[in-house]
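Text of entry.cif, listed as mmCIF, C-alpha atoms:
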data_input
loop_
_atom_site.label_atom_id
_atom_site.label_comp_id
_atom_site.auth_asym_id
_atom_site.auth_seq_id
_atom_site.Cartn_x
_atom_site.Cartn_y
_atom_site.Cartn_z
CA ASP A 16 105.29 109.85 107.92
CA VAL A 17 103.56 110.15 111.25
CA GLU A 18 104.17 113.35 113.17
CA VAL A 19 103.16 114.76 116.53
CA ARG A 20 99.87 116.56 116.02
CA ASP A 21 97.98 119.22 117.97
CA LEU A 22 95.63 117.67 120.48
CA PRO A 23 91.89 117.84 119.86
CA GLN A 24 90.05 119.91 122.47
CA THR A 25 86.69 118.09 122.38
CA GLU A 26 85.43 114.54 122.02
CA GLU A 27 83.81 115.57 118.72
CA GLU A 28 87.26 116.57 117.42
CA TRP A 29 88.65 113.20 118.57
CA LYS A 30 85.81 111.39 116.77
CA ALA A 31 86.61 113.32 113.59
CA ARG A 32 90.32 112.45 113.81
CA LEU A 33 90.07 108.75 114.69
CA THR A 34 88.45 105.74 113.06
CA PRO A 35 85.56 104.23 115.07
CA ASP A 36 87.85 101.41 116.32
CA GLN A 37 90.59 103.86 117.29
CA TYR A 38 88.10 106.05 119.13
CA ARG A 39 86.62 103.06 121.00
CA VAL A 40 90.07 101.94 122.14
CA LEU A 41 91.99 105.20 122.64
CA ARG A 42 89.21 107.34 124.11
CA GLY A 43 86.82 104.64 125.42
CA HIS A 44 89.40 102.28 126.97
CA GLY A 45 88.27 99.45 124.70
CA THR A 46 90.18 96.44 123.42
CA GLU A 47 90.42 95.16 119.87
CA ARG A 48 89.75 91.45 119.39
CA ALA A 49 92.83 89.25 119.60
CA PHE A 50 94.56 88.47 116.29
CA THR A 51 92.60 91.17 114.39
CA GLY A 52 94.64 94.37 114.73
CA PRO A 53 97.36 95.78 112.53
CA TYR A 54 101.02 95.25 113.37
CA LEU A 55 100.53 91.88 115.05
CA ASP A 56 102.88 90.17 112.60
CA SER A 57 104.83 93.27 111.51
CA LYS A 58 108.59 92.88 111.40
CA ASP A 59 109.18 96.34 109.89
CA ASP A 60 111.76 98.63 111.47
CA GLY A 61 110.63 101.97 112.81
CA THR A 62 108.93 103.73 115.67
CA TYR A 63 105.44 102.91 116.86
CA ARG A 64 103.56 106.12 117.62
CA CYS A 65 100.22 106.92 119.25
CA ALA A 66 97.50 106.85 116.56
CA GLY A 67 95.78 109.70 118.38
CA CYS A 68 98.54 112.27 118.69
CA GLY A 69 101.68 110.89 117.01
CA ASN A 70 103.70 110.65 120.25
CA PRO A 71 106.62 108.18 119.81
CA LEU A 72 105.93 105.17 122.06
CA PHE A 73 107.93 102.04 121.17
CA ALA A 74 111.01 101.22 119.10
CA SER A 75 110.44 98.30 116.73
CA ASP A 76 113.47 96.47 118.12
CA THR A 77 111.56 96.02 121.42
CA LYS A 78 108.65 94.23 119.69
CA PHE A 79 108.43 90.46 120.22
CA GLU A 80 106.10 87.57 119.41
CA SER A 81 104.08 86.91 122.58
CA GLY A 82 101.47 84.59 121.06
CA THR A 83 98.73 86.59 122.79
CA GLY A 84 97.11 88.10 119.70
CA TRP A 85 98.26 91.69 120.26
CA PRO A 86 101.50 93.49 119.40
CA SER A 87 103.83 93.16 122.39
CA PHE A 88 106.89 95.16 123.40
CA THR A 89 109.50 94.74 126.15
CA ASN A 90 109.59 98.43 127.04
CA ALA A 91 108.38 101.88 126.04
CA LEU A 92 110.48 104.85 125.02
CA PRO A 93 111.50 107.01 128.02
CA GLY A 94 108.64 109.24 129.17
CA ALA A 95 106.33 108.02 126.39
CA VAL A 96 103.66 106.28 128.48
CA THR A 97 101.89 106.60 131.80
CA MET A 98 100.97 103.51 133.80
CA ILE A 99 97.81 103.52 135.92
CA GLU A 100 96.25 100.91 138.19
CA ASP A 101 93.16 99.43 136.50
CA ARG A 102 90.67 97.59 138.73
CA SER A 103 88.04 96.99 136.02
CA LEU A 104 86.85 93.49 135.13
CA GLY A 105 87.27 92.34 138.75
CA MET A 106 91.07 92.20 138.63
CA VAL A 107 94.05 94.46 139.18
CA ARG A 108 96.04 95.29 136.05
CA THR A 109 98.29 98.10 134.93
CA GLU A 110 96.84 100.22 132.14
CA VAL A 111 99.22 101.90 129.68
CA GLN A 112 98.25 105.34 128.38
CA CYS A 113 99.95 107.74 126.00
CA ALA A 114 101.77 110.28 128.19
CA ARG A 115 100.89 113.07 125.74
CA CYS A 116 97.16 112.64 125.02
CA GLY A 117 96.08 110.13 127.66
CA GLY A 118 94.85 107.66 125.04
CA HIS A 119 94.38 104.06 126.20
CA LEU A 120 96.99 101.84 124.53
CA GLY A 121 96.68 98.54 126.39
CA HIS A 122 98.12 96.94 129.53
CA VAL A 123 101.53 95.87 130.82
CA PHE A 124 102.09 92.45 132.38
CA PRO A 125 105.05 90.90 134.24
CA ASP A 126 105.32 87.88 131.91
CA GLY A 127 107.61 89.22 129.20
CA PRO A 128 111.08 87.97 128.25
CA ARG A 129 113.24 87.83 131.38
CA ALA A 130 116.38 88.83 129.48
CA ALA A 131 114.67 92.10 128.49
CA GLY A 132 113.37 93.02 131.95
CA GLY A 133 110.35 90.71 132.20
CA LEU A 134 107.64 93.10 131.03
CA ARG A 135 105.11 92.60 128.21
CA PHE A 136 103.52 95.79 126.97
CA CYS A 137 100.40 94.30 125.35
CA MET A 138 99.13 97.01 123.01
CA ASN A 139 96.07 97.45 120.81
CA GLY A 140 97.36 97.63 117.24
CA CYS A 141 94.69 100.14 116.21
CA ALA A 142 96.04 102.54 118.87
CA LEU A 143 99.42 102.57 117.10
CA ASP A 144 100.88 103.97 113.88
CA LEU A 145 104.21 102.67 112.61
CA GLU A 146 106.61 105.26 111.27
CA LYS A 147 108.93 103.09 109.20
CA GLY A 148 112.66 103.64 109.42
CA ASP A 149 115.40 102.75 111.86
CA GLY A 150 113.98 101.47 115.14
#
In structure tokens, how does this file's structure come out?
Amino acid sequence: DVEVRDLPQTEEEWKARLTPDQYRVLRGHGTERAFTGPYLDSKDDGTYRCAGCGNPLFASDTKFESGTGWPSFTNALPGAVTMIEDRSLGMVRTEVQCARCGGHLGHVFPDGPRAAGGLRFCMNGCALDLEKGDG
């Protein structure tokens, strides 16, 4: 089971906790290559948590197949994420960060299922841990 963990105080502590890919994404604002991350095809019930700190982020019943190559969700759990304007790469996007540890999770786009509010939370699978169970 994944649980909420104490936050590392230094980047060295983060490096010790995370895999190199997790560190590059969560702490370095990187992106995993499309169609390579875990959970892309997962249909398991449960709660997706931040791989850095264990904060609950997404219920599995909000996950949908977007065809983009990354796990996608229609919405986050209340208070779980922070959204920040991202002007990198010469465009304006909305970055999604873990509200607890500030880890970079991915971006949110306005092209999700209309019936579910129209948002697509496009997340890096390596930034997530699935706690299996009801979700």
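The shortest atom-to-atom distance to His122 of chain A, with all atoms listed in the file taken into account, belongs to A:Thr109 out of A:Thr89, A:Ser103, A:Thr109, A:Ser81.
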I'd like a table as JSON lines: residues in segment 70-144 of chain A with an atom no more than 8 Å from segment 19-39 of chain A, each row giving the shortest atom pair and its distance in Å to one decimal, all atoms listed in the file counted, sorted by chain and rising residue number.
{"residue": "A:Asn70", "atom": "CA", "partner": "A:Val19", "partner_atom": "CA", "distance": 5.6}
{"residue": "A:Cys116", "atom": "CA", "partner": "A:Leu22", "partner_atom": "CA", "distance": 6.9}
{"residue": "A:Cys141", "atom": "CA", "partner": "A:Gln37", "partner_atom": "CA", "distance": 5.6}
{"residue": "A:Ala142", "atom": "CA", "partner": "A:Gln37", "partner_atom": "CA", "distance": 5.8}
Requested write-out: C-alpha atoms of the selected residues, as a PDB file, in the frame of the given file:
ATOM      1  CA  ASN A  70     103.700 110.650 120.250  1.00  0.00           C
ATOM      2  CA  CYS A 116      97.160 112.640 125.020  1.00  0.00           C
ATOM      3  CA  CYS A 141      94.690 100.140 116.210  1.00  0.00           C
ATOM      4  CA  ALA A 142      96.040 102.540 118.870  1.00  0.00           C
TER       5      ALA A 142
END
**Item:** Selection: 8 Å around Lys147 of chain A, all atoms listed in the file, excl. self and same-chain fewer than 4 positions, as a VMD selection string
**Value:** chain A and resid 16 59 to 62
**Computed interatomic separation between atom CA of Thr97 of chain A and atom CA of Ala66 of chain A (Å)** =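 Atom-to-atom, atom CA of Thr97 of chain A and atom CA of Ala66 of chain A are spaced 15.9 Å apart.
We find atom CA of Glu80 of chain A and atom CA of Gly117 of chain A to be spaced 26.0 Å apart.
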**Request:** Pull out every residue that the PyMOL selection byres ((chain A and resi 75) around 10) matches in the shown coordinates and put them as a list in words.
**Result:**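 Going through the file, the PyMOL selection byres ((chain A and resi 75) around 10) ends up selecting Ser57, Lys58, Asp59, Asp60, Gly61, Thr62, Tyr63, Leu72, Phe73, Ala74, Asp76, Thr77, Lys78, Phe79, Phe88, Leu145, Glu146, Lys147, Gly148, Asp149 and Gly150 of chain A.
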**Request:** Compute the distance from (98.3, 106.0, 137.8) to each atom, counting all atoms listed in the file, keep the residues with any atom at most 12 Å away, and return them as JSON, numbers by chain; use the coordinates of the file.
**Result:** {"A": [96, 97, 98, 99, 100, 101, 102, 108, 109, 110, 111, 112, 114, 117]}
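Take the candidates A:Asp56, A:Arg48, A:Leu134, A:Val40 and check each one against Ala91 of chain A using all atoms listed in the file; the shortest distance goes to A:Leu134.
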